[in-house]
$ cat coords.cif   # mmCIF, C-alpha atoms and all ligand atoms
data_input
loop_
_atom_site.label_atom_id
_atom_site.label_comp_id
_atom_site.auth_asym_id
_atom_site.auth_seq_id
_atom_site.Cartn_x
_atom_site.Cartn_y
_atom_site.Cartn_z
CA MET A 1 0.00 0.00 0.00
CA ALA A 2 1.24 3.49 -0.78
CA ILE A 3 2.47 5.48 2.20
CA GLN A 4 -0.20 8.14 1.68
CA GLU A 5 -3.00 5.60 2.20
CA LYS A 6 -1.20 3.63 4.87
CA LEU A 7 -0.69 6.60 7.18
CA ALA A 8 -3.86 8.60 6.49
CA THR A 9 -6.00 9.12 9.60
CA GLY A 10 -8.92 11.03 8.09
CA ARG A 11 -8.93 13.33 11.10
CA GLY A 12 -9.47 16.57 9.18
CA LYS A 13 -7.84 19.96 9.75
CA PHE A 14 -5.78 21.08 12.77
CA THR A 15 -5.75 24.89 12.59
CA THR A 16 -9.39 25.25 13.58
CA GLU A 17 -8.57 23.68 16.98
CA TYR A 18 -6.71 26.89 17.77
CA PRO A 19 -9.29 29.60 17.07
CA GLN A 20 -6.93 32.36 18.20
CA LEU A 21 -4.84 31.69 15.08
CA GLY A 22 -7.57 32.48 12.57
CA THR A 23 -7.29 31.19 9.03
CA GLY A 24 -6.85 34.40 7.04
CA PRO A 25 -3.81 35.68 5.16
CA VAL A 26 -0.79 36.67 7.28
CA ASP A 27 1.33 39.80 7.02
CA TYR A 28 5.09 39.12 6.87
CA ASP A 29 6.31 42.63 7.58
CA ASP A 30 7.86 41.20 10.77
CA ALA A 31 10.49 39.52 8.58
CA VAL A 32 11.60 42.59 6.61
CA SER A 33 10.94 45.64 8.78
CA GLU A 34 14.07 47.17 10.32
CA GLU A 35 11.93 48.82 12.99
CA PHE A 36 10.30 45.52 13.94
CA PHE A 37 13.71 43.86 14.09
CA LEU A 38 14.94 46.32 16.73
CA ALA A 39 11.70 46.06 18.71
CA GLU A 40 11.96 42.27 18.59
CA ARG A 41 15.47 42.32 20.01
CA GLU A 42 14.25 44.32 23.02
CA ALA A 43 10.97 42.48 23.58
CA VAL A 44 11.96 38.93 22.68
CA PHE A 45 15.71 38.31 22.85
CA LYS A 46 16.53 40.50 25.85
CA ARG A 47 13.64 38.96 27.81
CA SER A 48 13.55 35.24 26.99
CA TRP A 49 15.50 32.25 28.16
CA LEU A 50 18.00 31.47 25.41
CA LYS A 51 19.84 28.19 25.08
CA VAL A 52 23.58 28.77 24.85
CA GLY A 53 25.16 25.33 25.20
CA ARG A 54 25.28 21.86 26.78
CA MET A 55 26.65 20.68 30.09
CA GLU A 56 29.04 18.32 28.24
CA GLN A 57 30.92 21.45 27.16
CA LEU A 58 31.76 22.08 30.83
CA PRO A 59 33.24 18.79 32.08
CA ARG A 60 35.03 20.09 35.21
CA THR A 61 35.37 22.99 37.65
CA GLY A 62 36.72 25.99 35.73
CA SER A 63 35.59 24.73 32.30
CA TYR A 64 34.19 27.66 30.36
CA PHE A 65 33.08 28.81 26.94
CA THR A 66 32.16 32.22 25.59
CA ARG A 67 29.24 33.16 23.37
CA GLU A 68 29.24 36.18 21.09
CA LEU A 69 25.56 37.00 20.77
CA SER A 70 24.93 39.65 18.16
CA GLY A 71 23.11 42.66 19.61
CA LEU A 72 23.12 41.11 23.09
CA GLY A 73 26.79 40.97 24.00
CA SER A 74 29.63 38.64 24.86
CA ILE A 75 29.09 36.28 27.78
CA VAL A 76 31.17 33.67 29.60
CA ILE A 77 29.56 30.45 30.79
CA VAL A 78 31.63 28.80 33.51
CA ARG A 79 31.34 25.79 35.74
CA GLN A 80 31.64 26.48 39.48
CA ALA A 81 33.31 24.31 42.13
CA ASP A 82 29.89 23.09 43.33
CA GLY A 83 28.98 21.84 39.83
CA THR A 84 26.54 24.65 39.06
CA VAL A 85 26.96 26.96 36.10
CA LYS A 86 27.22 30.74 36.03
CA ALA A 87 26.89 33.19 33.15
CA LEU A 88 28.90 36.42 33.29
CA HIS A 89 29.00 39.45 31.07
CA ASN A 90 32.41 39.32 29.44
CA VAL A 91 33.51 42.77 30.56
CA CYS A 92 36.22 43.98 32.91
CA ALA A 93 35.31 46.11 35.93
CA HIS A 94 38.41 48.26 35.45
CA ARG A 95 38.06 49.86 32.01
CA GLY A 96 35.64 47.58 30.27
CA ASN A 97 37.94 45.36 28.22
CA LYS A 98 36.57 42.01 27.08
CA VAL A 99 38.09 39.64 29.63
CA VAL A 100 37.95 36.18 28.00
CA TRP A 101 39.12 35.69 24.41
CA GLN A 102 41.95 33.92 22.62
CA GLU A 103 43.46 34.95 19.30
CA HIS A 104 40.72 37.26 18.08
CA PRO A 105 38.42 39.27 20.37
CA ALA A 106 35.33 38.73 18.17
CA GLU A 107 35.64 34.94 18.13
CA GLU A 108 34.14 32.55 20.66
CA SER A 109 36.56 30.56 22.79
CA ALA A 110 36.52 27.69 25.27
CA GLY A 111 38.87 26.16 27.79
CA SER A 112 39.49 25.58 31.43
CA CYS A 113 41.06 27.84 34.07
CA ARG A 114 41.20 28.76 37.76
CA VAL A 115 40.88 32.51 37.28
CA PHE A 116 40.08 34.81 34.37
CA THR A 117 42.77 37.41 33.77
CA CYS A 118 42.06 40.58 31.85
CA LYS A 119 44.59 41.03 29.05
CA TYR A 120 44.69 44.82 29.46
CA HIS A 121 46.02 45.51 33.00
CA GLY A 122 45.93 42.06 34.51
CA TRP A 123 42.94 42.23 36.88
CA ARG A 124 41.94 38.74 37.91
CA TYR A 125 38.48 37.29 38.46
CA GLY A 126 37.34 34.16 40.28
CA LEU A 127 35.06 31.65 38.55
CA ASP A 128 32.12 33.41 40.21
CA GLY A 129 33.09 36.64 38.40
CA LYS A 130 34.18 38.50 41.53
CA VAL A 131 37.42 40.48 41.42
CA ALA A 132 40.14 38.30 42.98
CA HIS A 133 43.18 40.49 42.40
CA VAL A 134 43.84 44.07 41.34
CA THR A 135 47.31 44.78 40.02
CA ASN A 136 49.00 47.82 41.63
CA GLU A 137 46.07 48.01 44.01
CA ASP A 138 47.70 50.68 46.19
CA GLN A 139 47.57 53.08 43.26
CA PHE A 140 43.75 53.19 43.40
CA PHE A 141 41.49 55.40 45.52
CA ASP A 142 38.94 53.86 47.91
CA LEU A 143 38.48 50.82 45.67
CA ASP A 144 35.76 48.52 47.07
CA LYS A 145 37.22 45.39 45.52
CA GLY A 146 34.62 43.08 47.05
CA ALA A 147 31.81 44.86 45.24
CA LEU A 148 33.44 44.64 41.81
CA GLY A 149 33.25 41.89 39.24
CA MET A 150 32.09 40.70 35.85
CA PRO A 151 28.31 41.20 36.13
CA ALA A 152 26.31 37.98 36.28
CA LEU A 153 23.16 37.28 34.28
CA HIS A 154 20.51 34.65 34.93
CA CYS A 155 21.67 31.16 34.04
CA ASP A 156 19.98 27.79 34.57
CA THR A 157 19.91 24.32 33.05
CA TRP A 158 17.25 21.96 31.77
CA ALA A 159 17.94 18.45 30.47
CA GLY A 160 21.65 19.31 30.26
CA PHE A 161 20.98 22.39 28.09
CA ILE A 162 22.35 25.65 29.48
CA PHE A 163 20.13 28.72 29.20
CA VAL A 164 20.69 32.40 29.97
CA ASN A 165 18.33 35.32 30.31
CA PHE A 166 19.42 38.96 29.94
CA ASP A 167 16.37 40.24 31.82
CA PRO A 168 17.18 40.96 35.49
CA HIS A 169 13.51 40.24 36.31
CA ALA A 170 13.32 36.95 34.38
CA GLN A 171 10.78 34.36 35.47
CA PRO A 172 12.34 31.00 36.49
CA LEU A 173 13.45 28.83 33.54
CA ARG A 174 11.04 26.03 34.45
CA THR A 175 8.09 28.41 34.51
CA PHE A 176 9.14 29.69 31.10
CA LEU A 177 9.43 26.15 29.71
CA GLY A 178 6.08 25.02 31.02
CA GLU A 179 5.00 21.59 32.17
CA LYS A 180 5.14 19.76 28.82
CA PHE A 181 8.62 20.92 27.99
CA VAL A 182 9.89 20.16 31.47
CA GLY A 183 8.64 16.56 31.05
CA VAL A 184 10.92 16.02 28.04
CA GLU A 185 13.93 16.07 30.37
CA SER A 186 13.28 12.41 31.13
CA TYR A 187 14.76 11.66 27.67
CA PRO A 188 18.38 10.40 28.01
CA PHE A 189 20.05 13.38 26.31
CA GLU A 190 23.14 12.83 28.48
CA GLN A 191 23.90 9.52 26.75
CA MET A 192 24.31 11.25 23.40
CA THR A 193 27.71 12.85 23.73
CA GLU A 194 28.95 12.37 20.16
CA ARG A 195 28.30 15.79 18.64
CA TYR A 196 28.49 16.95 15.04
CA ALA A 197 28.31 20.76 14.97
CA TYR A 198 27.63 22.89 11.94
CA LYS A 199 27.28 26.66 11.77
CA THR A 200 26.69 29.09 8.96
CA ARG A 201 25.40 32.58 8.19
CA VAL A 202 22.16 32.85 6.25
CA LYS A 203 21.23 36.04 4.41
CA GLY A 204 17.62 36.19 5.47
CA ASN A 205 15.48 36.99 8.48
CA TRP A 206 15.89 34.41 11.27
CA LYS A 207 12.15 33.71 11.40
CA LEU A 208 12.11 32.64 7.75
CA SER A 209 14.61 29.92 8.65
CA ILE A 210 12.42 28.74 11.51
CA ASP A 211 9.48 28.66 9.10
CA THR A 212 11.29 25.94 7.16
CA ILE A 213 11.34 23.56 10.13
CA LEU A 214 7.74 24.28 11.14
CA GLU A 215 6.13 22.53 8.20
CA TRP A 216 6.55 19.37 6.11
CA TYR A 217 4.82 20.81 3.05
CA HIS A 218 8.03 21.75 1.23
CA PRO A 219 10.12 18.51 1.26
CA PRO A 220 8.96 17.08 -2.11
CA TYR A 221 9.93 20.39 -3.75
CA VAL A 222 12.96 21.64 -1.79
CA HIS A 223 14.39 18.22 -0.91
CA GLY A 224 13.44 16.32 -4.07
CA ARG A 225 17.01 15.06 -4.41
CA PHE A 226 16.57 13.09 -1.22
CA ILE A 227 13.10 11.80 -1.93
CA ASN A 228 12.76 11.48 -5.68
CA PRO A 229 13.93 14.00 -8.27
CA ASP A 230 10.64 13.41 -10.10
CA VAL A 231 8.29 15.71 -8.15
CA SER A 232 5.16 13.75 -8.93
CA LYS A 233 6.82 10.67 -7.40
CA ALA A 234 8.25 12.62 -4.46
CA GLU A 235 4.79 13.94 -3.61
CA LYS A 236 3.56 10.39 -3.20
CA LEU A 237 6.45 9.42 -0.94
CA VAL A 238 5.77 11.91 1.87
CA PRO A 239 3.22 11.18 4.59
CA PRO A 240 -0.26 12.69 4.17
CA PRO A 241 -0.90 15.97 6.07
CA ASP A 242 -3.38 14.36 8.47
CA SER A 243 -0.80 11.82 9.72
CA TYR A 244 1.18 14.43 11.70
CA TYR A 245 0.60 15.47 15.29
CA TYR A 246 0.70 19.03 16.63
CA ASP A 247 0.54 20.51 20.08
CA LEU A 248 0.72 24.29 20.32
CA PHE A 249 0.85 24.19 24.10
CA THR A 250 2.10 27.66 25.06
CA SER A 251 4.45 29.88 23.14
CA HIS A 252 6.28 26.58 22.62
CA MET A 253 5.12 23.85 20.25
CA LEU A 254 5.51 20.20 19.33
CA ASN A 255 5.24 18.54 15.93
CA SER A 256 5.51 14.75 15.65
CA VAL A 257 6.29 13.30 12.27
CA PRO A 258 6.03 9.84 10.72
CA GLY A 259 9.19 8.22 9.34
CA PRO A 260 10.25 5.09 7.49
CA PRO A 261 10.51 1.89 9.53
CA PRO A 262 14.12 0.81 10.20
CA LEU A 263 15.71 -1.84 7.98
CA PRO A 264 15.79 -5.42 9.24
CA PRO A 265 19.10 -6.26 10.97
CA ARG A 266 21.82 -7.32 8.53
CA GLY A 267 23.78 -10.53 8.66
CA ALA A 268 27.47 -10.54 9.61
CA GLY A 269 29.63 -9.35 6.71
CA GLU A 270 26.60 -8.42 4.65
CA LEU A 271 26.36 -5.01 2.99
CA GLY A 272 22.92 -5.18 1.45
CA PRO A 273 22.21 -4.51 -2.23
CA ALA A 274 23.73 -1.46 -3.90
CA LYS A 275 21.98 0.59 -6.54
CA ARG A 276 23.45 3.08 -8.96
CA ASP A 277 21.46 6.01 -7.68
CA GLN A 278 22.15 8.13 -4.60
CA ARG A 279 20.65 5.62 -2.28
CA TRP A 280 23.37 3.02 -2.73
CA ILE A 281 25.41 4.87 -0.12
CA TYR A 282 22.53 4.75 2.34
CA LYS A 283 22.37 1.02 1.87
CA LEU A 284 26.10 0.58 2.15
CA LEU A 285 26.40 2.64 5.34
CA ARG A 286 22.96 1.75 6.65
CA ALA A 287 21.98 5.30 7.42
CA GLY A 288 20.12 8.17 5.83
CA LEU A 289 18.07 11.21 6.60
CA PHE A 290 16.08 9.47 9.30
CA GLY A 291 19.21 8.30 11.09
CA PRO A 292 21.25 5.11 11.41
CA ASP A 293 19.37 1.90 10.57
CA ASP A 294 21.03 0.02 13.39
CA ILE A 295 19.48 1.71 16.38
CA PRO A 296 21.57 2.02 19.55
CA ASP A 297 20.06 0.65 22.72
CA LEU A 298 19.22 3.43 25.18
CA GLY A 299 17.36 1.24 27.61
CA ALA A 300 13.71 1.91 28.39
CA LEU A 301 12.62 5.22 26.89
CA PRO A 302 10.28 7.65 28.66
CA ASP A 303 6.61 7.74 27.87
CA VAL A 304 6.92 11.35 26.79
CA LEU A 305 7.93 10.38 23.24
CA ASN A 306 5.38 10.37 20.41
CA PRO A 307 2.54 11.69 22.60
CA GLY A 308 0.12 11.65 19.65
CA ARG A 309 0.88 7.93 19.13
CA ILE A 310 1.25 8.48 15.42
CA LYS A 311 1.84 5.46 13.25
CA SER A 312 5.40 4.74 12.06
CA TRP A 313 6.78 7.51 14.28
CA GLY A 314 9.85 9.34 12.92
CA ASN A 315 10.57 12.21 15.32
CA ASP A 316 9.23 14.72 17.84
CA ALA A 317 10.32 18.26 17.08
CA TYR A 318 9.92 20.62 20.01
CA TRP A 319 10.12 24.29 19.20
CA LEU A 320 11.09 26.46 22.12
CA PHE A 321 10.28 30.15 21.96
CA PRO A 322 12.03 32.11 20.58
CA ASN A 323 14.86 30.53 18.57
CA PHE A 324 15.58 26.90 19.49
CA SER A 325 14.34 23.50 18.40
CA VAL A 326 15.06 20.01 19.74
CA GLN A 327 14.20 17.14 17.44
CA ILE A 328 14.18 13.71 19.05
CA TRP A 329 14.39 10.89 16.51
CA ALA A 330 12.93 7.40 16.76
CA ARG A 331 16.36 6.04 15.84
CA ASN A 332 17.79 7.23 19.15
CA TYR A 333 19.64 10.39 18.31
CA TYR A 334 18.67 14.04 18.45
CA ILE A 335 19.24 17.26 16.54
CA THR A 336 19.10 20.85 17.75
CA TYR A 337 18.52 23.88 15.55
CA GLN A 338 19.16 27.43 16.65
CA TYR A 339 18.84 30.79 14.92
CA TRP A 340 20.58 33.94 16.16
CA PRO A 341 19.50 37.18 14.47
CA GLU A 342 22.31 39.52 13.43
CA ALA A 343 20.38 42.02 11.32
CA VAL A 344 16.90 42.11 9.84
CA ASP A 345 18.25 40.24 6.81
CA SER A 346 20.89 37.98 8.32
CA HIS A 347 21.26 35.38 11.06
CA SER A 348 23.62 32.74 12.24
CA TYR A 349 22.33 29.20 12.01
CA GLU A 350 23.57 26.43 14.28
CA LEU A 351 22.81 22.79 13.63
CA ASP A 352 24.01 20.17 16.12
CA ILE A 353 23.53 16.44 15.78
CA PHE A 354 24.02 14.19 18.81
CA PHE A 355 24.56 10.42 18.89
CA VAL A 356 25.66 7.89 21.48
CA PRO A 357 29.42 7.31 20.99
CA PRO A 358 29.94 4.79 18.15
CA ARG A 359 31.30 1.38 19.17
CA ASN A 360 32.94 0.55 15.85
CA ALA A 361 33.77 1.92 12.39
CA ALA A 362 30.42 0.90 10.89
CA GLU A 363 28.51 2.86 13.55
CA ARG A 364 30.82 5.82 13.07
CA LEU A 365 30.24 5.82 9.31
CA ALA A 366 26.48 5.56 9.78
CA GLN A 367 26.59 8.60 12.07
CA GLU A 368 28.76 10.53 9.61
CA MET A 369 26.30 9.69 6.84
CA THR A 370 23.35 10.89 8.91
CA ALA A 371 25.17 14.10 9.85
CA GLN A 372 26.18 14.85 6.26
CA THR A 373 22.72 14.25 4.83
CA THR A 374 21.16 16.36 7.60
CA ILE A 375 23.52 19.24 6.84
CA GLU A 376 22.83 18.95 3.11
CA PHE A 377 19.09 18.89 3.83
CA ALA A 378 19.40 21.99 6.04
CA MET A 379 21.41 23.86 3.42
CA GLN A 380 18.69 23.21 0.85
CA ASP A 381 16.37 25.01 3.28
CA SER A 382 18.81 27.88 3.85
CA ASN A 383 19.17 28.41 0.11
CA THR A 384 15.43 28.77 -0.12
CA VAL A 385 15.38 31.20 2.83
CA GLU A 386 17.82 33.50 1.01
CA ALA A 387 15.60 33.38 -2.07
CA THR A 388 12.51 34.10 0.04
CA HIS A 389 14.05 37.00 1.93
CA SER A 390 15.34 38.73 -1.18
CA ALA A 391 11.90 38.52 -2.78
CA LEU A 392 10.03 39.55 0.40
CA ALA A 393 12.27 42.58 0.85
CA THR A 394 10.81 44.09 -2.32
CA ARG A 395 7.45 44.21 -0.47
CA ALA A 396 5.73 43.50 -3.77
CA ASN A 397 3.80 40.84 -1.90
CA ARG A 398 2.87 41.36 1.75
CA GLN A 399 0.16 38.80 2.23
CA PHE A 400 0.80 35.12 2.72
CA HIS A 401 -1.66 32.34 2.43
CA LEU A 402 -0.96 29.62 4.95
CA SER A 403 -2.48 26.17 4.60
CA ASP A 404 -3.55 23.90 7.43
CA GLN A 405 -0.18 22.14 7.58
CA GLU A 406 1.48 25.55 8.10
CA LEU A 407 -0.35 26.19 11.39
CA MET A 408 2.85 26.32 13.42
CA ILE A 409 4.15 29.13 11.20
CA ARG A 410 0.92 30.99 11.86
CA ASN A 411 1.41 30.51 15.59
CA PHE A 412 5.13 31.33 15.58
CA HIS A 413 4.72 34.72 13.88
CA LYS A 414 1.71 35.52 16.03
CA VAL A 415 3.58 34.72 19.25
CA ILE A 416 6.51 36.91 18.19
CA ARG A 417 4.23 39.79 17.11
CA ASP A 418 2.17 39.52 20.31
CA THR A 419 5.31 39.55 22.48
CA VAL A 420 6.57 42.68 20.77
CA ALA A 421 3.16 44.37 21.05
CA ALA A 422 2.85 43.50 24.75
CA HIS A 423 6.31 44.88 25.47
CA GLN A 424 5.59 48.09 23.58
CA ALA A 425 2.27 48.52 25.42
CA LEU A 426 4.13 48.19 28.71
CA GLY A 427 6.52 50.97 27.68
CA LYS A 428 3.65 53.29 26.85
CA LYS A 429 1.97 52.86 30.23
S1 LIG A 501 40.49 46.87 31.44
FE1 LIG A 501 40.73 44.99 32.41
S2 LIG A 501 42.40 45.27 33.70
FE2 LIG A 501 42.16 47.18 32.73
FE FE A 502 13.42 21.45 4.80
#
$ encode --input "coords.cif" --output "structure tokens"
Amino acid sequence: MAIQEKLATGRGKFTTEYPQLGTGPVDYDDAVSEEFFLAEREAVFKRSWLKVGRMEQLPRTGSYFTRELSGLGSIVIVRQADGTVKALHNVCAHRGNKVVWQEHPAEESAGSCRVFTCKYHGWRYGLDGKVAHVTNEDQFFDLDKGALGMPALHCDTWAGFIFVNFDPHAQPLRTFLGEKFVGVESYPFEQMTERYAYKTRVKGNWKLSIDTILEWYHPPYVHGRFINPDVSKAEKLVPPPDSYYYDLFTSHMLNSVPGPPPLPPRGAGELGPAKRDQRWIYKLLRAGLFGPDDIPDLGALPDVLNPGRIKSWGNDAYWLFPNFSVQIWARNYYITYQYWPEAVDSHSYELDIFFVPPRNAAERLAQEMTAQTTIEFAMQDSNTVEATHSALATRANRQFHLSDQELMIRNFHKVIRDTVAAHQALGKK
């Protein structure tokens, strides 16, 4: 039976379950307006919890890494002696030099140390950011050393992900995440320490990139190479729109997706048949876009996965307001996507793929194959984003017509617009 018939549920449309979304055309000025971009930075990015890394990046006391966050500043994330993590503004109390950097001040760095030493006049800071030593201290006047330091900002962790918040009055991270998101921490993220990291700059608004991961309407057209170069065949190979599962629970969202069943286990020394099209390499390495065919054993998995109990489950993609997504795959690996705005028409895009450490060369190659195809897949999206942004910027078309399977895009832009409007209303009071 064709996949379209096999997975169809006949459940009808989803958007109408969320009446606040409406069904009319949507204005995309939020993706091209310079004024909106600046308002969004204030209302959204300076006031939300933002994921900045993973605990595995801080293996011991004194491990640190810096993040250069465009429009927000440079911060240092550092592990304390008690195992907790602190985030500090990367600025010296003396004359404001950036304290932690290696070869080039604009580049991110990582390492391990006992104290941070400013490269300008040698002031030293403890891991908690407090001033530990002032050079030529007797030359100063009434210096209250104990009150000086690299200013801290809110920092907390969830499921091994490290988050910061630039707002001094931030609500607790767990309140921000909400109950459903908090429940996902029972997934064994900590077992997946093999990380493939990819980063690039995309010439388009950051929200347009997120739009590409919020719907599965485009794959037969944008990713035809991976499905079938003949579009009419590709269209038949993707699951039907009613087979997906959505939960727009707060500002955050979940989308569960069907995927192909894994291959049967192969016999020792067996490669499987090879074909002369692109897929021969998938067969040879037993991996593809949906992950390695030989699934690592993670033990019993939490009930939180595939909450919609969709047939032939492929992955759960959680989207966390404003710029982060965690995609948990049925084949026991996960991917994170993150989008950092730099200007109205440019953002930095980070794609990280996490596996359990491979036990042999075959597992390593299967992971490499999955990582490479995922990156290729993502770059096909980014290409399209650049094309979309350049056309949108002309403002020749301002209205967009979103179908039912684009309901998360409708919600995403609404949540961002509402957050900006609420913040502006507060300022006017
Ligand atoms: S600016 Fe850091 S020690 Fe002078
Ligand atoms: Fe895509």
$ closest_residue --input "coords.cif" --among "A:Arg11, A:Arg47, A:Lys98, A:His218" --to "ligand LIG 501 (chain A)" --atoms "all atoms listed in the file"
A:Lys98
$ axis_aligned_box --input "coords.cif" --around "segment 85-101 of chain A" --padding-each-side "8 Å" --output "AutoDock Vina command-line options"
--center_x 33.0 --center_y 38.4 --center_z 30.3 --size_x 28.2 --size_y 38.9 --size_z 27.7
$ residues_near_ligand --input "coords.cif" --ligand "ligand FE 502 (chain A)" --cutoff "12 Å" --atoms "all atoms listed in the file" --output "count of residues only"
34
$ atom_distance --input "coords.cif" --atom1 "atom CA of Ser390 of chain A" --atom2 "atom CA of Ser346 of chain A"
11.0 Å
$ closest_residue --input "coords.cif" --among "A:Val134, A:Ile353, A:Val326, A:Leu38" --to "ligand LIG 501 (chain A)" --atoms "all atoms listed in the file"
A:Val134
$ closest_residue --input "coords.cif" --among "A:Gly83, A:Val32, A:Leu21, A:His133" --to "ligand LIG 501 (chain A)" --atoms "all atoms listed in the file"
A:His133
$ closest_residue --input "coords.cif" --among "A:His154, A:Lys414, A:Lys119, A:Lys233" --to "ligand LIG 501 (chain A)" --atoms "all atoms listed in the file"
A:Lys119
$ closest_atom_pairs --input "coords.cif" --of "chain A" --to "ligand LIG 501 (chain A)" --cutoff "7 Å" --atoms "only C-alpha atoms and all ligand atoms" --output "tab-separated table"
residue	atom	partner	partner_atom	distance
A:Cys92	CA	A:LIG501	FE1	4.6
A:Ala93	CA	A:LIG501	FE1	6.6
A:His94	CA	A:LIG501	S1	4.7
A:Arg95	CA	A:LIG501	S1	3.9
A:Gly96	CA	A:LIG501	S1	5.0
A:Asn97	CA	A:LIG501	S1	4.4
A:Val99	CA	A:LIG501	FE1	6.6
A:Cys118	CA	A:LIG501	FE1	4.6
A:Lys119	CA	A:LIG501	FE1	6.5
A:Tyr120	CA	A:LIG501	FE2	4.8
A:His121	CA	A:LIG501	S2	3.7
A:Gly122	CA	A:LIG501	S2	4.8
A:Trp123	CA	A:LIG501	S2	4.4
$ closest_residue --input "coords.cif" --among "A:Asp27, A:Glu40, A:Asp156, A:Glu363" --to "Arg79 of chain A" --atoms "only C-alpha atoms"
A:Asp156
$ atom_distance --input "coords.cif" --atom1 "atom CA of Ala343 of chain A" --atom2 "atom CA of Ala422 of chain A"
22.1 Å
$ closest_residue --input "coords.cif" --among "A:Val91, A:Leu143, A:Leu254, A:Ala31" --to "His347 of chain A" --atoms "all atoms listed in the file"
A:Ala31
$ residues_around --input "coords.cif" --residues "Ser48 of chain A" --least-positions-apart "4" --cutoff "12 Å" --atoms "all atoms listed in the file" --output "VMD selection string"
chain A and resid 40 to 44 72 154 to 155 163 to 173 175 to 177 251 320 to 324 416 419 to 420
$ residues_around --input "coords.cif" --residues "Pro239 of chain A" --least-positions-apart "3" --cutoff "8 Å" --atoms "only C-alpha atoms" --output "list in words"
Ile3, Gln4, Leu7, Ala8, Lys236, Ser243 and Pro258 of chain A
$ residues_near_point --input "coords.cif" --point "(15.9, 8.4, 18.3)" --cutoff "9 Å" --atoms "only C-alpha atoms" --output "PyMOL selection string"
chain A and resi 291+295-296+314-315+327-334+355
$ write_last_selection --input "coords.cif" --atoms "C-alpha atoms" --output "compact mmCIF listing (two decimals), in the frame of the given file"
# COMPACT_ATOMS: atom_id res chain seq x y z
CA GLY A 291 19.21 8.30 11.09
CA ILE A 295 19.48 1.71 16.38
CA PRO A 296 21.57 2.02 19.55
CA GLY A 314 9.85 9.34 12.92
CA ASN A 315 10.57 12.21 15.32
CA GLN A 327 14.20 17.14 17.44
CA ILE A 328 14.18 13.71 19.05
CA TRP A 329 14.39 10.89 16.51
CA ALA A 330 12.93 7.40 16.76
CA ARG A 331 16.36 6.04 15.84
CA ASN A 332 17.79 7.23 19.15
CA TYR A 333 19.64 10.39 18.31
CA TYR A 334 18.67 14.04 18.45
CA PHE A 355 24.56 10.42 18.89
$ residues_near_point --input "coords.cif" --point "(25.1, 40.6, 32.4)" --cutoff "6 Å" --atoms "all atoms listed in the file" --output "list in words"
Leu88, His89, Pro151, Ala152 and Leu153 of chain A
$ atom_distance --input "coords.cif" --atom1 "atom CA of Gly129 of chain A" --atom2 "atom CA of Thr61 of chain A"
13.9 Å
